[in-house]
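Enquirer: You'll find my_file-v4.pdb just under this line, and it carries PDB, C-alpha atoms.
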ATOM      1  CA  VAL B   1     -31.577  11.272  -5.138  1.00  0.00           C
ATOM      2  CA  SER B   2     -33.979  12.094  -2.331  1.00  0.00           C
ATOM      3  CA  LEU B   3     -32.326  12.533   1.050  1.00  0.00           C
ATOM      4  CA  ASP B   4     -33.605  13.645   4.433  1.00  0.00           C
ATOM      5  CA  PRO B   5     -31.664  16.870   5.039  1.00  0.00           C
ATOM      6  CA  THR B   6     -31.887  16.462   8.817  1.00  0.00           C
ATOM      7  CA  SER B   7     -30.502  12.907   9.009  1.00  0.00           C
ATOM      8  CA  GLU B   8     -28.838  11.948   5.704  1.00  0.00           C
ATOM      9  CA  ILE B   9     -26.718  15.014   4.905  1.00  0.00           C
ATOM     10  CA  LEU B  10     -23.840  16.240   7.053  1.00  0.00           C
ATOM     11  CA  PRO B  11     -22.294  19.641   6.219  1.00  0.00           C
ATOM     12  CA  LEU B  12     -18.489  19.636   6.156  1.00  0.00           C
ATOM     13  CA  ILE B  13     -15.592  22.017   5.891  1.00  0.00           C
ATOM     14  CA  GLY B  14     -14.802  20.558   2.465  1.00  0.00           C
ATOM     15  CA  SER B  15     -14.822  16.926   1.445  1.00  0.00           C
ATOM     16  CA  LYS B  16     -11.303  16.372   2.804  1.00  0.00           C
ATOM     17  CA  GLU B  17     -12.806  16.754   6.285  1.00  0.00           C
ATOM     18  CA  GLY B  18     -15.235  13.977   5.331  1.00  0.00           C
ATOM     19  CA  ILE B  19     -12.384  11.704   4.225  1.00  0.00           C
ATOM     20  CA  ALA B  20     -10.768  12.211   7.627  1.00  0.00           C
ATOM     21  CA  HIS B  21     -13.962  11.702   9.630  1.00  0.00           C
ATOM     22  CA  ILE B  22     -14.980   8.581   7.682  1.00  0.00           C
ATOM     23  CA  SER B  23     -11.531   7.094   8.265  1.00  0.00           C
ATOM     24  CA  LEU B  24     -11.549   7.947  11.965  1.00  0.00           C
ATOM     25  CA  THR B  25     -15.043   6.489  12.317  1.00  0.00           C
ATOM     26  CA  PHE B  26     -14.806   3.232  10.416  1.00  0.00           C
ATOM     27  CA  LEU B  27     -11.128   2.214  10.577  1.00  0.00           C
ATOM     28  CA  ASP B  28      -9.000   0.742  13.324  1.00  0.00           C
ATOM     29  CA  PRO B  29      -5.230   0.221  13.162  1.00  0.00           C
ATOM     30  CA  GLY B  30      -4.497  -2.757  10.921  1.00  0.00           C
ATOM     31  CA  ASP B  31      -7.740  -2.515   8.945  1.00  0.00           C
ATOM     32  CA  GLU B  32      -7.353  -2.426   5.186  1.00  0.00           C
ATOM     33  CA  VAL B  33      -8.460   0.244   2.718  1.00  0.00           C
ATOM     34  CA  LEU B  34      -8.640  -0.148  -1.051  1.00  0.00           C
ATOM     35  CA  VAL B  35      -7.621   3.011  -2.893  1.00  0.00           C
ATOM     36  CA  PRO B  36      -7.299   3.579  -6.640  1.00  0.00           C
ATOM     37  CA  GLU B  37      -3.697   3.491  -7.827  1.00  0.00           C
ATOM     38  CA  LEU B  38      -4.451   6.791  -9.578  1.00  0.00           C
ATOM     39  CA  GLY B  39      -6.325   8.979  -7.170  1.00  0.00           C
ATOM     40  CA  TYR B  40      -6.512  11.704  -4.595  1.00  0.00           C
ATOM     41  CA  PRO B  41      -3.534  11.407  -2.200  1.00  0.00           C
ATOM     42  CA  ALA B  42      -5.756  12.140   0.832  1.00  0.00           C
ATOM     43  CA  TYR B  43      -7.316   8.631   0.655  1.00  0.00           C
ATOM     44  CA  ARG B  44      -3.900   7.087   1.279  1.00  0.00           C
ATOM     45  CA  ALA B  45      -2.615   9.731   3.690  1.00  0.00           C
ATOM     46  CA  VAL B  46      -5.632   9.708   6.005  1.00  0.00           C
ATOM     47  CA  SER B  47      -5.806   5.894   5.957  1.00  0.00           C
ATOM     48  CA  GLN B  48      -2.152   5.719   6.987  1.00  0.00           C
ATOM     49  CA  MET B  49      -2.715   8.426   9.613  1.00  0.00           C
ATOM     50  CA  VAL B  50      -5.248   6.201  11.392  1.00  0.00           C
ATOM     51  CA  GLY B  51      -2.988   3.137  11.113  1.00  0.00           C
ATOM     52  CA  ALA B  52      -4.810   1.355   8.298  1.00  0.00           C
ATOM     53  CA  VAL B  53      -3.077  -0.711   5.625  1.00  0.00           C
ATOM     54  CA  VAL B  54      -3.464   0.798   2.154  1.00  0.00           C
ATOM     55  CA  LYS B  55      -3.931  -1.548  -0.790  1.00  0.00           C
ATOM     56  CA  GLU B  56      -3.964  -0.081  -4.287  1.00  0.00           C
ATOM     57  CA  TYR B  57      -6.375  -1.407  -6.874  1.00  0.00           C
ATOM     58  CA  PRO B  58      -5.599  -1.038 -10.567  1.00  0.00           C
ATOM     59  CA  LEU B  59      -7.214   1.408 -12.948  1.00  0.00           C
ATOM     60  CA  GLN B  60      -6.068   0.677 -16.481  1.00  0.00           C
ATOM     61  CA  GLU B  61      -6.465   2.713 -19.634  1.00  0.00           C
ATOM     62  CA  HIS B  62      -7.558  -0.296 -21.723  1.00  0.00           C
ATOM     63  CA  ASN B  63     -10.436  -0.702 -19.224  1.00  0.00           C
ATOM     64  CA  ARG B  64     -11.465   2.995 -19.613  1.00  0.00           C
ATOM     65  CA  TRP B  65      -9.958   3.730 -16.161  1.00  0.00           C
ATOM     66  CA  GLN B  66     -12.616   1.616 -14.458  1.00  0.00           C
ATOM     67  CA  PRO B  67     -11.811  -0.663 -11.507  1.00  0.00           C
ATOM     68  CA  ASP B  68     -10.661  -4.180 -12.306  1.00  0.00           C
ATOM     69  CA  TRP B  69     -13.223  -5.959 -10.122  1.00  0.00           C
ATOM     70  CA  GLU B  70     -11.441  -9.333 -10.269  1.00  0.00           C
ATOM     71  CA  ALA B  71      -8.154  -7.771  -9.183  1.00  0.00           C
ATOM     72  CA  MET B  72      -9.978  -5.930  -6.408  1.00  0.00           C
ATOM     73  CA  ALA B  73     -11.656  -9.118  -5.195  1.00  0.00           C
ATOM     74  CA  ALA B  74      -8.223 -10.700  -4.832  1.00  0.00           C
ATOM     75  CA  LEU B  75      -7.197  -7.815  -2.535  1.00  0.00           C
ATOM     76  CA  VAL B  76     -10.154  -8.137  -0.161  1.00  0.00           C
ATOM     77  CA  THR B  77      -9.605  -9.870   3.180  1.00  0.00           C
ATOM     78  CA  PRO B  78     -11.672  -9.959   6.374  1.00  0.00           C
ATOM     79  CA  ARG B  79      -9.712  -6.823   7.457  1.00  0.00           C
ATOM     80  CA  THR B  80     -10.857  -4.796   4.409  1.00  0.00           C
ATOM     81  CA  LYS B  81     -13.238  -2.091   5.630  1.00  0.00           C
ATOM     82  CA  ILE B  82     -13.357   0.706   3.020  1.00  0.00           C
ATOM     83  CA  ILE B  83     -13.104   1.123  -0.741  1.00  0.00           C
ATOM     84  CA  TRP B  84     -12.545   4.629  -2.119  1.00  0.00           C
ATOM     85  CA  LEU B  85     -14.011   5.580  -5.509  1.00  0.00           C
ATOM     86  CA  ASN B  86     -13.849   8.901  -7.358  1.00  0.00           C
ATOM     87  CA  TYR B  87     -15.946   9.372 -10.534  1.00  0.00           C
ATOM     88  CA  PRO B  88     -15.827  11.457 -12.585  1.00  0.00           C
ATOM     89  CA  HIS B  89     -12.285  10.316 -11.934  1.00  0.00           C
ATOM     90  CA  MET B  90      -9.311  12.519 -11.364  1.00  0.00           C
ATOM     91  CA  PRO B  91      -6.792  12.586 -12.865  1.00  0.00           C
ATOM     92  CA  THR B  92      -8.102  10.576 -15.874  1.00  0.00           C
ATOM     93  CA  GLY B  93     -11.497  12.236 -16.376  1.00  0.00           C
ATOM     94  CA  ALA B  94     -13.229   8.846 -16.708  1.00  0.00           C
ATOM     95  CA  PRO B  95     -16.978   9.397 -16.354  1.00  0.00           C
ATOM     96  CA  ALA B  96     -19.368   8.169 -13.722  1.00  0.00           C
ATOM     97  CA  THR B  97     -21.944   5.760 -15.114  1.00  0.00           C
ATOM     98  CA  PRO B  98     -24.864   3.892 -13.600  1.00  0.00           C
ATOM     99  CA  GLU B  99     -23.218   0.634 -14.745  1.00  0.00           C
ATOM    100  CA  LEU B 100     -20.002   1.449 -12.861  1.00  0.00           C
ATOM    101  CA  PHE B 101     -21.950   2.324  -9.731  1.00  0.00           C
ATOM    102  CA  GLU B 102     -24.106  -0.823  -9.981  1.00  0.00           C
ATOM    103  CA  LYS B 103     -20.941  -2.952 -10.079  1.00  0.00           C
ATOM    104  CA  ALA B 104     -19.447  -0.994  -7.165  1.00  0.00           C
ATOM    105  CA  VAL B 105     -22.550  -1.413  -4.997  1.00  0.00           C
ATOM    106  CA  ALA B 106     -22.757  -5.126  -5.804  1.00  0.00           C
ATOM    107  CA  PHE B 107     -19.061  -5.512  -4.944  1.00  0.00           C
ATOM    108  CA  ALA B 108     -19.480  -3.691  -1.614  1.00  0.00           C
ATOM    109  CA  GLN B 109     -22.519  -5.804  -0.750  1.00  0.00           C
ATOM    110  CA  GLU B 110     -20.786  -9.061  -1.668  1.00  0.00           C
ATOM    111  CA  HIS B 111     -17.607  -8.267   0.268  1.00  0.00           C
ATOM    112  CA  LYS B 112     -19.307  -6.431   3.148  1.00  0.00           C
ATOM    113  CA  VAL B 113     -17.182  -3.294   2.859  1.00  0.00           C
ATOM    114  CA  LEU B 114     -18.056   0.389   3.060  1.00  0.00           C
ATOM    115  CA  LEU B 115     -18.021   2.053  -0.347  1.00  0.00           C
ATOM    116  CA  CYS B 116     -16.939   5.689  -0.142  1.00  0.00           C
ATOM    117  CA  HIS B 117     -17.468   7.793  -3.241  1.00  0.00           C
ATOM    118  CA  ASP B 118     -15.723  11.146  -3.443  1.00  0.00           C
ATOM    119  CA  ASN B 119     -17.764  13.091  -6.006  1.00  0.00           C
ATOM    120  CA  PRO B 120     -16.422  16.683  -6.186  1.00  0.00           C
ATOM    121  CA  TYR B 121     -16.264  16.716  -9.996  1.00  0.00           C
ATOM    122  CA  SER B 122     -19.885  15.698 -10.533  1.00  0.00           C
ATOM    123  CA  LEU B 123     -20.963  19.214 -11.457  1.00  0.00           C
ATOM    124  CA  VAL B 124     -17.837  20.022 -13.487  1.00  0.00           C
ATOM    125  CA  LEU B 125     -16.931  17.155 -15.786  1.00  0.00           C
ATOM    126  CA  ASN B 126     -20.388  16.173 -16.951  1.00  0.00           C
ATOM    127  CA  LYS B 127     -22.112  17.093 -20.184  1.00  0.00           C
ATOM    128  CA  LYS B 128     -25.073  15.087 -18.896  1.00  0.00           C
ATOM    129  CA  PRO B 129     -26.792  15.496 -15.530  1.00  0.00           C
ATOM    130  CA  PRO B 130     -24.499  14.301 -12.722  1.00  0.00           C
ATOM    131  CA  VAL B 131     -24.810  10.754 -11.427  1.00  0.00           C
ATOM    132  CA  SER B 132     -24.862  10.019  -7.706  1.00  0.00           C
ATOM    133  CA  LEU B 133     -23.772   6.669  -6.336  1.00  0.00           C
ATOM    134  CA  LEU B 134     -26.722   6.898  -3.959  1.00  0.00           C
ATOM    135  CA  SER B 135     -29.123   6.706  -6.928  1.00  0.00           C
ATOM    136  CA  ILE B 136     -28.305   2.996  -7.283  1.00  0.00           C
ATOM    137  CA  ASP B 137     -30.616   0.465  -5.609  1.00  0.00           C
ATOM    138  CA  GLY B 138     -29.018  -0.792  -2.408  1.00  0.00           C
ATOM    139  CA  ALA B 139     -26.343   1.908  -2.288  1.00  0.00           C
ATOM    140  CA  LYS B 140     -27.599   3.519   0.907  1.00  0.00           C
ATOM    141  CA  GLU B 141     -26.979   0.237   2.744  1.00  0.00           C
ATOM    142  CA  VAL B 142     -23.273   0.150   1.809  1.00  0.00           C
ATOM    143  CA  ALA B 143     -22.177   3.617   0.707  1.00  0.00           C
ATOM    144  CA  ILE B 144     -21.284   7.147   1.687  1.00  0.00           C
ATOM    145  CA  GLU B 145     -20.908   9.930  -0.870  1.00  0.00           C
ATOM    146  CA  LEU B 146     -18.931  13.142  -0.466  1.00  0.00           C
ATOM    147  CA  ASN B 147     -19.171  16.327  -2.466  1.00  0.00           C
ATOM    148  CA  SER B 148     -17.984  19.913  -2.254  1.00  0.00           C
ATOM    149  CA  MET B 149     -18.512  23.283  -3.841  1.00  0.00           C
ATOM    150  CA  SER B 150     -14.837  24.161  -4.292  1.00  0.00           C
ATOM    151  CA  LYS B 151     -14.508  22.509  -7.733  1.00  0.00           C
ATOM    152  CA  SER B 152     -17.972  23.196  -9.125  1.00  0.00           C
ATOM    153  CA  HIS B 153     -18.020  26.849  -8.106  1.00  0.00           C
ATOM    154  CA  ASN B 154     -14.272  27.547  -8.479  1.00  0.00           C
ATOM    155  CA  MET B 155     -14.164  28.599  -4.839  1.00  0.00           C
ATOM    156  CA  ALA B 156     -11.526  26.438  -3.157  1.00  0.00           C
ATOM    157  CA  GLY B 157     -11.308  28.874  -0.249  1.00  0.00           C
ATOM    158  CA  TRP B 158     -14.964  28.391   0.638  1.00  0.00           C
ATOM    159  CA  ARG B 159     -14.241  24.977   2.225  1.00  0.00           C
ATOM    160  CA  LEU B 160     -17.877  23.948   1.907  1.00  0.00           C
ATOM    161  CA  GLY B 161     -18.778  20.297   1.444  1.00  0.00           C
ATOM    162  CA  TRP B 162     -21.118  17.577   2.582  1.00  0.00           C
ATOM    163  CA  LEU B 163     -21.421  13.891   3.305  1.00  0.00           C
ATOM    164  CA  SER B 164     -24.545  12.045   2.114  1.00  0.00           C
ATOM    165  CA  ALA B 165     -25.502   8.643   3.478  1.00  0.00           C
ATOM    166  CA  ALA B 166     -28.129   6.669   5.331  1.00  0.00           C
ATOM    167  CA  LYS B 167     -28.786   7.934   8.861  1.00  0.00           C
ATOM    168  CA  PRO B 168     -26.743   5.203  10.642  1.00  0.00           C
ATOM    169  CA  TYR B 169     -23.599   6.235   8.720  1.00  0.00           C
ATOM    170  CA  VAL B 170     -24.190   9.935   9.371  1.00  0.00           C
ATOM    171  CA  ASP B 171     -24.844   9.233  13.054  1.00  0.00           C
ATOM    172  CA  ALA B 172     -21.624   7.208  13.337  1.00  0.00           C
ATOM    173  CA  VAL B 173     -19.559  10.026  11.817  1.00  0.00           C
ATOM    174  CA  LEU B 174     -21.279  12.579  14.077  1.00  0.00           C
ATOM    175  CA  LYS B 175     -20.448  10.464  17.120  1.00  0.00           C
ATOM    176  CA  ILE B 176     -16.744  10.580  16.270  1.00  0.00           C
TER     177      ILE B 176
END
Write the structure described by the file as structure tokens, please.
Expert:
Amino acid sequence: VSLDPTSEILPLIGSKEGIAHISLTFLDPGDEVLVPELGYPAYRAVSQMVGAVVKEYPLQEHNRWQPDWEAMAALVTPRTKIIWLNYPHMPTGAPATPELFEKAVAFAQEHKVLLCHDNPYSLVLNKKPPVSLLSIDGAKEVAIELNSMSKSHNMAGWRLGWLSAAKPYVDAVLKI
């Protein structure tokens, strides 16, 4: 993925800071957030902190821990603002694939929601080169991706992360 380092990458004190800033920037009380039923507790906690309504979407083993897009579509309302994704997925280890990301981008475009991909395991749980959500056509129009060095470099105390997105998303987060 080619990004402009001056306008499309925002350094963070870990990706958890990004989860907080994204939520503070793009959510108002009463807005809805879709979070995976198996996932990082910070998605739920920060959403609730800003007064958003958390809706869980299913990840099922028989579906290789991928989102059930039909079930997710049934959860979307005009108040739905953000969908959180995390692939390679924790705690299941389900891999990131271009096909998964293509479906996610298409879903975000169709439902006009912000797709937020938390990608801290991209350099750890891959035997192949890591896959970025932002490598998918159209992703920059609907998505933000987070990453950090704490997992990949076994340095949790470093608290070094970044947010990658199109300039308007980065600018909005910087404003907040």
Enquirer: Please compute the CA of Phe107 in chain B-CA of Leu12 in chain B distance, one decimal, in Å.
Expert: 27.5 Å
Enquirer: So which residues get picked by the PyMOL selection byres ((chain B and resi 57) around 9) here, written as a list of chain:residue names?
Expert: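 Applying the PyMOL selection byres ((chain B and resi 57) around 9) to the structure shown produces B:Leu34, B:Val35, B:Pro36, B:Glu37, B:Leu38, B:Lys55, B:Glu56, B:Pro58, B:Leu59, B:Pro67, B:Asp68, B:Trp69, B:Ala71, B:Met72, B:Leu75.
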Enquirer: Give me the result of the PyMOL selection byres ((chain B and resi 164-172) around 10) on this file, residue by residue, as a ChimeraX atom specification.
Expert: /B:3-11,21-22,25-26,114,116-117,134,139-147,162-163,173-176
Enquirer: Between B:Ser135, B:Thr97, B:Thr80, B:Ser15, which residue has the minimum interatomic distance to Leu27 in chain B, considering all atoms listed in the file?
Expert: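 Of B:Ser135, B:Thr97, B:Thr80, B:Ser15, the one nearest Leu27 in chain B is B:Thr80, counting all atoms listed in the file.
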Enquirer: State, in Å with one decimal place, the distance from CA of Pro98 in chain B to CA of Tyr43 in chain B.
Expert: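 Separation of CA of Pro98 in chain B and CA of Tyr43 in chain B: 23.1 Å.
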